[in-house]
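Colleague: Just so it is clear, I am handing over query-v6.txt, which has compact mmCIF, C-alpha atoms.
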# COMPACT_ATOMS: atom_id res chain seq x y z
CA MET A 1 138.37 70.13 66.24
CA GLY A 2 140.10 70.01 69.54
CA ILE A 3 143.51 69.41 68.04
CA ASP A 4 144.99 72.55 69.49
CA LYS A 5 143.93 71.82 73.04
CA PRO A 6 146.74 72.48 75.45
CA GLY A 7 148.47 69.28 76.46
CA ILE A 8 147.72 67.31 73.37
CA LEU A 9 149.98 68.93 70.82
CA GLY A 10 152.31 70.49 73.31
CA SER A 11 153.69 67.34 74.88
CA GLY A 12 156.80 65.80 73.45
CA SER A 13 155.92 62.25 74.47
CA PRO A 14 155.94 59.89 71.46
CA THR A 15 153.15 57.77 72.92
CA PHE A 16 151.13 60.89 73.33
CA LEU A 17 151.84 61.85 69.73
CA THR A 18 150.56 58.45 68.55
CA THR A 19 147.34 59.02 70.40
CA LYS A 20 146.90 62.32 68.70
CA LEU A 21 147.47 60.78 65.28
CA ASP A 22 144.85 58.18 66.11
CA PHE A 23 142.49 60.94 67.00
CA VAL A 24 142.99 62.75 63.72
CA VAL A 25 142.74 59.59 61.63
CA ASN A 26 139.70 58.35 63.49
CA TRP A 27 138.10 61.75 63.31
CA ALA A 28 138.49 61.75 59.53
CA ARG A 29 137.31 58.19 59.15
CA ARG A 30 134.27 58.36 61.34
CA ASN A 31 132.97 61.56 59.83
CA SER A 32 133.18 60.45 56.23
CA LEU A 33 131.67 56.98 56.35
CA TRP A 34 130.37 56.13 52.92
CA PRO A 35 127.87 53.29 53.07
CA MET A 36 127.74 50.53 50.52
CA PRO A 37 124.02 49.72 50.42
CA PHE A 38 123.30 46.03 50.04
CA GLY A 39 119.53 46.24 50.18
CA THR A 40 117.64 43.07 49.44
CA ALA A 41 114.28 43.55 51.12
CA CYS A 42 112.04 45.92 53.05
CA CYS A 43 114.90 47.08 55.29
CA ALA A 44 116.27 48.78 52.20
CA ILE A 45 113.17 50.98 52.08
CA GLU A 46 113.95 52.21 55.57
CA MET A 47 117.55 52.71 54.51
CA MET A 48 116.36 54.90 51.64
CA ALA A 49 114.19 56.82 54.06
CA SER A 50 117.23 57.34 56.29
CA ALA A 51 119.15 58.82 53.38
CA ALA A 52 116.28 61.02 52.24
CA SER A 53 115.76 64.56 53.39
CA ASN A 54 113.58 63.88 56.42
CA TYR A 55 116.29 61.96 58.28
CA ASP A 56 119.24 63.06 56.14
CA LEU A 57 122.03 60.61 56.81
CA ALA A 58 124.47 63.09 55.29
CA ARG A 59 124.37 65.08 58.54
CA PHE A 60 126.58 62.44 60.11
CA GLY A 61 129.07 62.07 57.29
CA MET A 62 127.36 59.42 55.19
CA GLU A 63 127.44 61.97 52.46
CA ARG A 64 126.41 59.64 49.70
CA MET A 65 125.57 56.01 49.16
CA SER A 66 128.55 54.51 47.41
CA PHE A 67 127.21 52.05 44.91
CA SER A 68 130.72 50.84 44.17
CA PRO A 69 132.35 48.75 46.87
CA ARG A 70 135.74 50.24 45.92
CA GLN A 71 134.87 53.61 47.42
CA ALA A 72 132.77 52.38 50.33
CA ASP A 73 133.66 52.25 54.01
CA VAL A 74 130.69 50.56 55.64
CA LEU A 75 128.62 47.74 54.20
CA ILE A 76 124.97 47.98 55.20
CA CYS A 77 123.31 44.65 54.59
CA ALA A 78 119.61 45.49 54.71
CA GLY A 79 117.36 42.51 54.23
CA ARG A 80 117.38 38.76 53.93
CA VAL A 81 120.21 37.04 52.11
CA PRO A 82 119.54 33.72 50.40
CA TYR A 83 122.35 31.24 49.94
CA LYS A 84 122.43 32.03 46.25
CA LEU A 85 123.30 35.62 47.13
CA ALA A 86 125.89 34.68 49.76
CA PRO A 87 128.87 34.57 47.34
CA VAL A 88 127.81 37.95 45.95
CA LEU A 89 127.77 39.49 49.43
CA ARG A 90 131.13 37.92 50.20
CA ARG A 91 132.64 39.22 46.97
CA ILE A 92 131.39 42.75 47.61
CA TRP A 93 132.91 42.61 51.08
CA ASP A 94 136.21 41.36 49.63
CA GLN A 95 136.20 44.19 47.10
CA MET A 96 135.88 46.88 49.76
CA MET A 97 139.07 48.61 50.84
CA GLN A 98 140.40 48.45 54.35
CA PRO A 99 139.45 49.90 56.72
CA LYS A 100 135.88 48.72 56.37
CA TRP A 101 132.98 48.05 58.67
CA CYS A 102 129.78 46.10 58.34
CA ILE A 103 126.29 46.72 59.64
CA SER A 104 123.72 43.97 59.72
CA MET A 105 120.41 45.78 59.47
CA GLY A 106 117.25 44.06 60.61
CA ALA A 107 116.24 40.67 61.93
CA CYS A 108 116.75 38.76 58.68
CA ALA A 109 120.29 39.90 58.04
CA SER A 110 121.22 39.38 61.67
CA SER A 111 119.68 35.97 62.29
CA GLY A 112 117.62 34.86 59.34
CA GLY A 113 114.52 36.26 61.03
CA VAL A 114 111.34 34.38 60.31
CA PHE A 115 112.97 32.75 57.29
CA ASP A 116 114.33 29.72 59.07
CA VAL A 117 114.21 27.72 55.85
CA TYR A 118 116.37 25.82 53.39
CA SER A 119 117.23 28.77 51.18
CA MET A 120 118.17 31.50 53.65
CA VAL A 121 121.46 32.45 55.28
CA GLN A 122 120.91 32.37 59.05
CA GLY A 123 122.75 35.58 59.85
CA ILE A 124 125.27 37.23 57.57
CA ASP A 125 127.89 36.95 60.31
CA THR A 126 128.51 33.46 58.94
CA ILE A 127 129.57 35.10 55.67
CA VAL A 128 131.22 38.40 56.61
CA PRO A 129 132.38 39.89 59.93
CA VAL A 130 129.71 42.17 61.37
CA ASP A 131 130.44 45.20 63.55
CA VAL A 132 126.94 46.35 64.50
CA TYR A 133 123.63 44.51 64.49
CA ILE A 134 120.47 46.60 64.27
CA PRO A 135 117.36 44.83 65.55
CA GLY A 136 113.94 45.48 64.11
CA CYS A 137 111.70 44.25 61.37
CA PRO A 138 112.48 46.58 59.74
CA PRO A 139 114.34 49.04 61.98
CA ARG A 140 113.20 52.63 61.78
CA PRO A 141 115.58 55.19 60.26
CA GLU A 142 116.47 56.29 63.78
CA GLY A 143 117.64 52.74 64.38
CA LEU A 144 119.90 52.76 61.35
CA ILE A 145 121.30 56.16 62.28
CA TYR A 146 121.94 54.92 65.80
CA GLY A 147 123.71 51.88 64.39
CA LEU A 148 125.89 54.05 62.19
CA MET A 149 126.72 56.24 65.17
CA MET A 150 127.71 53.11 67.07
CA VAL A 151 130.12 52.36 64.22
CA GLN A 152 131.43 55.89 64.68
CA GLU A 153 131.90 55.21 68.36
CA LYS A 154 133.73 52.03 67.51
CA ILE A 155 136.04 53.91 65.15
CA ARG A 156 136.70 56.46 67.87
CA GLY A 157 138.18 53.72 70.01
CA GLU A 158 140.39 52.26 67.30
CA SER A 159 144.10 52.79 67.08
CA LEU A 160 146.57 52.57 64.23
CA ALA A 161 148.90 50.66 66.52
CA TYR A 162 146.75 47.57 66.72
CA HIS A 163 144.55 48.23 63.74
CA ASP A 164 145.96 45.42 61.66
CA GLU A 165 145.34 42.85 64.34
CA LEU A 166 141.77 44.00 64.73
CA ARG A 167 140.77 44.17 61.14
CA ALA A 168 143.07 41.85 59.22
CA GLU A 169 141.51 38.83 57.59
CA ASP A 170 143.25 35.67 56.60
CA PRO A 171 143.94 35.95 52.87
CA LEU A 172 143.32 32.22 52.54
CA ALA A 173 139.89 32.67 54.06
CA VAL A 174 138.74 35.13 51.42
CA GLY A 175 135.69 33.75 49.70
CA ARG A 176 135.22 31.12 52.38
CA PRO A 177 132.83 31.02 55.33
CA ARG A 178 133.95 33.41 58.01
CA ALA A 179 133.04 31.07 60.82
CA ASP A 180 133.98 27.42 61.21
CA ASP A 181 131.39 24.66 61.20
CA GLU A 182 130.72 24.55 64.94
CA GLU A 183 130.34 28.30 65.09
CA VAL A 184 127.90 28.29 62.18
CA ALA A 185 125.89 25.55 63.88
CA ASP A 186 125.84 27.61 67.09
CA LEU A 187 124.86 30.83 65.36
CA THR A 188 122.11 29.24 63.31
CA GLY A 189 120.53 27.17 66.05
CA PRO A 190 116.77 27.19 66.26
CA PHE A 191 115.22 30.26 67.80
CA GLY A 192 112.01 30.61 69.75
CA ASN A 193 109.81 30.99 66.73
CA SER A 194 111.26 28.05 64.91
CA THR A 195 108.98 25.42 63.48
CA HIS A 196 111.39 22.78 64.63
CA GLN A 197 111.36 23.97 68.20
CA ASN A 198 107.60 24.21 68.31
CA ARG A 199 107.31 20.69 67.06
CA VAL A 200 109.79 19.43 69.61
CA SER A 201 108.05 21.27 72.44
CA GLY A 202 104.82 19.43 71.66
CA LEU A 203 102.88 22.67 71.89
CA VAL A 204 101.89 22.69 68.28
CA ASP A 205 100.61 19.69 66.42
CA THR A 206 101.74 20.45 62.90
CA ASP A 207 99.02 18.25 61.47
CA ALA A 208 96.39 20.63 62.78
CA ILE A 209 96.18 22.65 59.62
CA GLY A 210 93.61 22.83 56.95
CA ARG A 211 90.61 22.23 59.20
CA ALA A 212 87.35 23.25 57.63
CA GLU A 213 86.18 25.46 60.49
CA ASP A 214 89.37 27.50 60.31
CA ARG A 215 88.54 28.52 56.80
CA LEU A 216 85.03 29.68 57.59
CA PRO A 217 84.65 33.44 57.99
CA MET B 1 86.04 19.45 76.55
CA THR B 2 86.31 23.04 77.72
CA GLY B 3 87.89 24.12 74.47
CA ASP B 4 84.99 23.14 72.28
CA PRO B 5 83.86 26.34 70.57
CA SER B 6 80.39 24.94 70.02
CA SER B 7 79.80 24.47 73.75
CA GLY B 8 80.14 28.17 74.37
CA GLY B 9 82.81 27.61 77.04
CA PRO B 10 86.07 29.53 77.22
CA PHE B 11 88.54 28.49 74.58
CA SER B 12 91.75 29.77 73.13
CA GLY B 13 93.86 29.13 70.09
CA PHE B 14 95.80 26.51 72.01
CA ASP B 15 92.62 24.61 72.80
CA LEU B 16 91.78 24.57 69.14
CA VAL B 17 95.26 23.33 68.37
CA ALA B 18 95.04 20.65 71.04
CA ALA B 19 91.74 19.50 69.62
CA GLY B 20 93.57 18.50 66.47
CA PRO B 21 92.16 18.21 63.01
CA GLY B 22 88.42 18.19 62.93
CA VAL B 23 86.06 16.61 60.47
CA SER B 24 85.85 18.42 57.20
CA ARG B 25 82.57 19.93 56.23
CA ASP B 26 80.62 17.52 54.08
CA ASP B 27 79.77 19.69 51.12
CA SER B 28 79.49 16.99 48.52
CA GLY B 29 75.81 17.69 48.00
CA GLU B 30 76.44 21.40 47.81
CA ALA B 31 79.29 20.97 45.35
CA ALA B 32 77.25 18.68 43.19
CA ALA B 33 74.44 21.21 43.09
CA ARG B 34 76.88 23.96 42.19
CA ASP B 35 78.34 21.88 39.40
CA ARG B 36 74.91 21.30 37.93
CA VAL B 37 74.18 25.00 37.63
CA ALA B 38 77.67 26.01 36.45
CA PRO B 39 77.61 26.42 32.67
CA GLY B 40 81.02 24.83 32.16
CA ASN B 41 83.59 25.56 29.55
CA PRO B 42 82.67 24.36 26.04
CA SER B 43 86.35 23.57 25.45
CA VAL B 44 86.06 20.66 27.84
CA THR B 45 83.43 18.95 25.71
CA ALA B 46 85.32 19.77 22.54
CA LEU B 47 88.50 18.34 24.04
CA ARG B 48 86.70 15.13 24.97
CA ASP B 49 85.33 14.79 21.43
CA GLN B 50 88.68 15.54 19.81
CA PHE B 51 90.76 13.25 22.03
CA PRO B 52 88.54 10.38 23.13
CA GLY B 53 90.07 8.50 26.01
CA ALA B 54 92.74 11.09 26.72
CA VAL B 55 90.59 13.24 29.00
CA PHE B 56 90.36 11.34 32.25
CA ARG B 57 87.98 13.57 34.16
CA ASN B 58 87.05 17.18 34.60
CA GLU B 59 85.72 19.25 37.45
CA ILE B 60 84.70 22.78 38.24
CA CYS B 61 86.39 24.33 41.23
CA ALA B 62 85.89 27.63 43.01
CA GLY B 63 82.57 28.18 41.29
CA ASP B 64 83.54 28.58 37.67
CA GLU B 65 87.09 27.38 37.03
CA ASP B 66 87.29 24.40 34.72
CA VAL B 67 89.92 21.80 35.42
CA VAL B 68 90.67 19.00 32.98
CA TYR B 69 92.77 15.97 33.89
CA VAL B 70 94.42 14.63 30.77
CA ASP B 71 96.80 11.90 29.69
CA PRO B 72 100.43 13.05 30.18
CA GLU B 73 101.49 11.03 27.14
CA ARG B 74 99.47 13.25 24.84
CA ILE B 75 99.99 16.62 26.52
CA THR B 76 101.78 18.41 23.66
CA GLU B 77 99.23 17.14 21.16
CA MET B 78 96.29 18.32 23.25
CA LEU B 79 97.76 21.67 24.27
CA GLY B 80 98.84 22.23 20.68
CA TRP B 81 95.28 21.65 19.55
CA LEU B 82 93.92 23.99 22.23
CA HIS B 83 96.41 26.59 21.05
CA ASN B 84 95.81 26.27 17.30
CA ASP B 85 92.15 25.38 16.91
CA PRO B 86 90.27 28.56 15.96
CA GLU B 87 87.32 27.59 18.17
CA GLN B 88 89.56 27.30 21.23
CA HIS B 89 92.49 29.64 20.55
CA TYR B 90 94.17 29.46 23.97
CA ASP B 91 96.98 31.73 22.91
CA HIS B 92 98.25 32.76 26.33
CA LEU B 93 100.00 30.39 28.70
CA ALA B 94 99.53 32.06 32.05
CA ASP B 95 101.49 29.63 34.17
CA ILE B 96 102.96 26.20 34.54
CA THR B 97 103.27 24.88 38.04
CA ALA B 98 103.01 21.63 39.93
CA VAL B 99 101.37 20.34 43.09
CA ASP B 100 102.68 17.67 45.39
CA TYR B 101 99.97 16.36 47.68
CA GLY B 102 102.37 14.13 49.60
CA GLY B 103 101.76 10.63 50.87
CA GLY B 104 103.07 9.04 47.70
CA ARG B 105 100.28 10.47 45.64
CA PRO B 106 101.13 11.54 42.09
CA ILE B 107 102.48 15.01 41.44
CA GLU B 108 100.20 17.15 39.31
CA VAL B 109 101.59 19.37 36.60
CA VAL B 110 99.25 22.30 36.07
CA TYR B 111 98.93 24.31 32.86
CA GLN B 112 96.90 27.48 33.23
CA LEU B 113 95.67 28.65 29.84
CA TRP B 114 93.92 31.83 28.82
CA SER B 115 92.29 32.64 25.53
CA ILE B 116 92.61 36.32 24.84
CA PRO B 117 90.00 36.51 22.03
CA HIS B 118 87.44 34.28 23.77
CA ARG B 119 88.22 35.53 27.29
CA ALA B 120 88.12 32.00 28.61
CA ALA B 121 90.36 30.23 31.09
CA LEU B 122 91.14 26.55 31.22
CA ARG B 123 93.29 24.62 33.66
CA VAL B 124 94.83 21.43 32.33
CA LYS B 125 96.35 18.99 34.80
CA CYS B 126 98.51 15.91 34.31
CA GLU B 127 99.15 13.44 37.06
CA LEU B 128 102.66 11.96 37.12
CA SER B 129 103.46 9.08 39.40
CA LEU B 130 106.53 9.59 41.58
CA ASP B 131 108.58 6.93 39.79
CA ALA B 132 108.07 8.47 36.35
CA LEU B 133 108.34 12.23 36.71
CA GLU B 134 108.73 13.00 33.06
CA ILE B 135 106.59 14.91 30.63
CA GLU B 136 107.10 16.37 27.21
CA SER B 137 108.09 20.02 27.02
CA ILE B 138 105.64 22.45 25.46
CA THR B 139 108.23 25.06 24.54
CA GLY B 140 107.40 24.25 20.92
CA ILE B 141 103.92 25.68 21.44
CA TRP B 142 104.59 28.59 23.80
CA VAL B 143 108.20 29.82 23.91
CA GLY B 144 107.40 31.39 27.26
CA ALA B 145 107.09 27.92 28.77
CA ASP B 146 110.90 27.80 28.86
CA TRP B 147 111.47 29.40 32.26
CA LEU B 148 108.22 28.11 33.72
CA GLU B 149 109.28 24.54 33.00
CA ARG B 150 112.73 25.24 34.39
CA GLU B 151 111.12 26.46 37.59
CA VAL B 152 109.00 23.32 37.91
CA TYR B 153 112.07 21.22 37.19
CA ASP B 154 114.07 23.13 39.79
CA LEU B 155 111.55 22.91 42.61
CA PHE B 156 109.74 19.62 41.90
CA GLY B 157 112.26 17.59 39.90
CA ILE B 158 110.00 16.96 36.95
CA THR B 159 111.95 16.39 33.74
CA PHE B 160 110.61 18.05 30.62
CA THR B 161 111.82 16.07 27.64
CA GLY B 162 112.74 18.15 24.62
CA HIS B 163 113.32 21.30 26.68
CA PRO B 164 116.12 23.36 25.06
CA ASP B 165 117.90 24.34 28.28
CA LEU B 166 116.68 22.41 31.29
CA ARG B 167 118.68 23.50 34.34
CA ARG B 168 117.97 25.05 37.69
CA ILE B 169 116.65 28.58 37.61
CA LEU B 170 116.01 29.63 41.24
CA MET B 171 118.25 27.43 43.34
CA PRO B 172 122.03 27.62 42.95
CA GLU B 173 123.58 25.61 40.14
CA ASN B 174 125.48 23.37 42.57
CA TYR B 175 122.44 22.71 44.77
CA ALA B 176 122.44 19.04 45.71
CA GLU B 177 119.76 18.74 48.38
CA GLY B 178 116.93 17.75 46.10
CA TYR B 179 113.75 19.53 45.13
CA PRO B 180 112.53 21.99 47.78
CA LEU B 181 108.81 22.10 47.04
CA ARG B 182 108.31 18.36 47.38
CA LYS B 183 106.29 17.40 50.42
CA ASP B 184 109.03 15.09 51.71
CA PHE B 185 111.60 17.89 51.65
CA PRO B 186 112.55 19.05 55.17
CA LEU B 187 111.91 22.73 55.84
CA ARG B 188 115.55 23.51 56.51
CA GLY B 189 117.02 21.42 53.75
CA ARG B 190 118.97 18.19 54.02
CA PHE B 191 122.46 19.51 54.79
CA SER B 192 123.64 21.21 57.96
CA ARG B 193 123.78 24.98 57.97
CA ALA B 194 127.57 24.84 57.96
CA GLU B 195 127.59 22.65 54.87
CA GLN B 196 125.02 24.86 53.16
CA THR B 197 127.12 27.94 53.89
CA ARG B 198 130.28 26.24 52.66
CA ARG B 199 128.62 25.08 49.45
CA ALA B 200 127.08 28.49 48.83
CA LEU B 201 130.45 30.23 49.12
CA THR B 202 132.35 27.78 46.94
CA GLN B 203 130.40 28.83 43.89
CA ASP B 204 131.30 31.65 41.57
CA PRO B 205 128.44 34.11 41.04
CA GLU B 206 129.37 34.30 37.37
CA ASP B 207 128.67 30.60 36.97
CA TYR B 208 124.96 31.32 37.01
CA TYR B 209 125.09 32.45 33.43
CA VAL B 210 126.35 30.30 30.58
CA PRO B 211 128.46 32.33 28.17
CA GLY B 212 126.05 31.68 25.32
CA GLU B 213 123.23 33.24 27.27
CA ILE B 214 125.15 36.51 27.52
CA ALA B 215 126.57 36.39 24.00
CA GLU B 216 123.15 35.93 22.43
CA ARG B 217 121.93 39.17 23.94
CA VAL B 218 122.43 41.39 20.87
CA PRO B 219 120.84 44.84 20.70
CA GLN B 220 117.50 44.70 18.99
CA VAL B 221 117.19 46.71 15.83
CA VAL B 222 113.67 47.53 14.80
CA GLU B 223 113.38 47.50 11.04
CA PRO B 224 111.16 50.32 9.83
CA ALA B 225 108.16 49.25 7.81
CA ALA B 226 108.19 50.00 4.09
CA GLY B 227 105.67 52.82 4.27
CA GLU B 228 107.15 54.71 7.22
CA GLU B 229 110.80 54.82 6.27
CA GLY B 230 110.81 58.58 6.23
CA ASP B 231 109.38 58.76 9.76
CA ALA B 232 111.84 56.29 11.15
CA GLU B 233 114.89 58.20 9.96
CA GLY B 234 117.03 59.64 12.65
CA VAL B 235 115.49 57.49 15.34
CA GLY B 236 117.93 55.60 17.49
Starting from the coordinates I provided, produce the structure as structure tokens.

Modeller:
Amino acid sequence: MGIDKPGILGSGSPTFLTTKLDFVVNWARRNSLWPMPFGTACCAIEMMASAASNYDLARFGMERMSFSPRQADVLICAGRVPYKLAPVLRRIWDQMMQPKWCISMGACASSGGVFDVYSMVQGIDTIVPVDVYIPGCPPRPEGLIYGLMMVQEKIRGESLAYHDELRAEDPLAVGRPRADDEEVADLTGPFGNSTHQNRVSGLVDTDAIGRAEDRLP
Amino acid sequence: MTGDPSSGGPFSGFDLVAAGPGVSRDDSGEAAARDRVAPGNPSVTALRDQFPGAVFRNEICAGDEDVVYVDPERITEMLGWLHNDPEQHYDHLADITAVDYGGGRPIEVVYQLWSIPHRAALRVKCELSLDALEIESITGIWVGADWLEREVYDLFGITFTGHPDLRRILMPENYAEGYPLRKDFPLRGRFSRAEQTRRALTQDPEDYYVPGEIAERVPQVVEPAAGEEGDAEGVG
């Protein structure tokens, strides 16, 4: 475990002792991350594959999927989130105990993906704070495992001394949008594949659909 | 034009797009010929005889699918007859949906019927003008029409009079941007993303269900038939 390395335990310096406590706490936290699976779409299938025997997420401490937010450490949002589901996601996040982390798995959870439409949340970071974004549509299990190991790396760098400042949330903001209006507008701006942007660019005439020759085999 | 596929010159998808909408194939003669050979659904003739003046027109689409355009005022009467008449016996309501063709044209409400004993399908359509989007509910004929009508109400804004519980079913209860499947509805909704996020988070997930809906869900007890009381003992 490295705790009995010379120089770590042997020094009498209080600052040094704090660092050691951080190490022990972080070591325990990062090696027993229990994910709260919030799977809404095809990304969840890859998440199941990651947990199954071939990839075996339990090797890295995600010993079991915690289907109760009360016992979970990391929220994995796998899949698209419609606005109707947004309060549910927010409530699950609020129910999780501190310390907690959040992974946004896949293009839809991270940015809305191809669903740039009226019903879809354009990135869950407007609803909950996200620690790691995993790109892909859907990401392979290796991608999810890599994302979880990035969370582990993040935990490794955390300290009890400034933990509260890092992770505390405004109690008044619970159940409200995480970002303010301007930030939401920035985050959800049109991307390259957006219908709006194509129309503005003049590249695509949106009336050019339904032509007879397009339907011919 | 270099992008003309018929000229044999090089062309790409962008050339096709730049060319814009072409002229539709004129298949009126072909369609007419197809309609002549199609046998047609006998229910259409029977419906015309039973309700003179209420069947506006009928057509056969996709080869053998009969479509009947009827008077919206008499929809429950006609569907009730199609359901109850032993010759017709359309006992299965496969779907209720609606079509908005845009451009101020009327919205069509579509009833897709299926007769299990006769193995026959019939599509009944009603055209509703945009200023009078109201039609009588058919939940009295098929109870399963309940959620289908709610869906059409939710996404097209068509009011079904006499529906027992007409409220939104897919969109959130506090949704105030209109009816998403209308042609004049913008792809991203009418509010800004920030406003949509704020509205979404102000609602309580438990508001989706009215208390009565949950309270009515009592466990079903299957009464054993008179003859098989002995067999049913100890079950459950």

Colleague: Nearest residue to Val128 of chain A out of A:Ala107, A:Ala86, A:Met47, A:Met149, using only C-alpha atoms?

Modeller: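 Ranking A:Ala107, A:Ala86, A:Met47, A:Met149 by distance to Val128 of chain A, first place goes to A:Ala86.
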
Colleague: Write out as a PyMOL selection string the residues lying within 8 Å of Leu166 of chain B, counting all atoms listed in the file and excluding same-chain residues fewer than 2 positions away.

Modeller: chain B and resi 149-150+153+160+163-164+168

Colleague: Using only C-alpha atoms, please write the residues we just selected to a file, as a compact mmCIF listing (two decimals), in the coordinates of the input.

Modeller:
# COMPACT_ATOMS: atom_id res chain seq x y z
CA GLU B 149 109.28 24.54 33.00
CA ARG B 150 112.73 25.24 34.39
CA TYR B 153 112.07 21.22 37.19
CA PHE B 160 110.61 18.05 30.62
CA HIS B 163 113.32 21.30 26.68
CA PRO B 164 116.12 23.36 25.06
CA ARG B 168 117.97 25.05 37.69

Colleague: Hey, what's within 12 Å of Glu142 of chain A if we count only C-alpha atoms and toss same-chain stuff fewer than 6 positions away? As a list in words, please?

Modeller: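 Residues near the query, excluding close chain neighbours: Glu46, Met47, Ala49, Ser50, Ala51, Asn54, Tyr55, Asp56, Leu57, Ile134, Pro135, Gly136, Leu148 and Met149 of chain A.
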
Colleague: To one decimal place in Å, what is the distance between atom CA of Arg140 of chain A and atom CA of Leu33 of chain A?

Modeller: 19.7 Å

Colleague: Using Å and a single decimal, report how far atom CA of Asp73 of chain A sits from atom CA of Asp131 of chain A.

Modeller: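 Distance reported for this atom pair: 12.3 Å.
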
Colleague: Select, from A:Leu144, A:Val151, A:Ile127, A:Pro138, the residue with the minimum atom-to-atom distance to chain B, counting only C-alpha atoms.

Modeller: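 Once distances to chain B are computed over only C-alpha atoms, the minimum belongs to A:Ile127.
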
Colleague: With distances taken over only C-alpha atoms, which residue among B:Tyr111, B:Trp81, B:Tyr175, B:Trp142 lies nearest Arg123 of chain B?

Modeller: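 Smallest distance to Arg123 of chain B is found for B:Tyr111.
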
Colleague: With distances taken over only C-alpha atoms, which residue among A:Ala44, A:Val74, A:Ile124, A:Val24 lies nearest chain B?

Modeller: A:Ile124

Colleague: Quick one: residues within 9 Å of Met120 of chain A, all atoms listed in the file counted, chain neighbours fewer than 5 positions away excluded, as an mmCIF file with C-alpha atoms, keeping the file's coordinate frame?

Modeller:
data_model
loop_
_atom_site.group_PDB
_atom_site.id
_atom_site.type_symbol
_atom_site.label_atom_id
_atom_site.label_comp_id
_atom_site.auth_asym_id
_atom_site.auth_seq_id
_atom_site.Cartn_x
_atom_site.Cartn_y
_atom_site.Cartn_z
ATOM 1 C CA ARG A 80 117.380 38.760 53.930
ATOM 2 C CA VAL A 81 120.210 37.040 52.110
ATOM 3 C CA PRO A 82 119.540 33.720 50.400
ATOM 4 C CA TYR A 83 122.350 31.240 49.940
ATOM 5 C CA LYS A 84 122.430 32.030 46.250
ATOM 6 C CA CYS A 108 116.750 38.760 58.680
ATOM 7 C CA GLY A 112 117.620 34.860 59.340
ATOM 8 C CA PHE A 115 112.970 32.750 57.290
ATOM 9 C CA ARG B 188 115.550 23.510 56.510
#

Colleague: I'd like to know which of A:Ile155, A:Ile103, A:Val184, A:Ala78 is closest to Ser32 of chain A, using only C-alpha atoms.

Modeller: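 Among the listed residues, A:Ile155 lies closest to Ser32 of chain A.
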
Colleague: Which distance in Å separates atom CA of Val143 of chain B and atom CA of Leu181 of chain B, to one decimal?

Modeller: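 Going from atom CA of Val143 of chain B over to atom CA of Leu181 of chain B covers 24.4 Å.
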
Colleague: Which one is closest to Pro37 of chain A: A:Val130, A:Leu21, A:Ala52, A:Met105? Count only C-alpha atoms.

Modeller: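 The answer is A:Met105, which sits nearest to Pro37 of chain A.
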
Colleague: Skipping near chain neighbours, those fewer than 6 positions away, what residues fall within 7 Å of Asp66 of chain B using all atoms listed in the file, listed as an MDAnalysis selection string?

Modeller: chainID B and resid 40:41 59:60 122:123

Colleague: Residues at most 10 Å from Arg48 of chain B, counting only C-alpha atoms, excluding those fewer than 5 positions away in the same chain, as a VMD selection string?

Modeller: chain B and resid 43 53 to 58 68 70
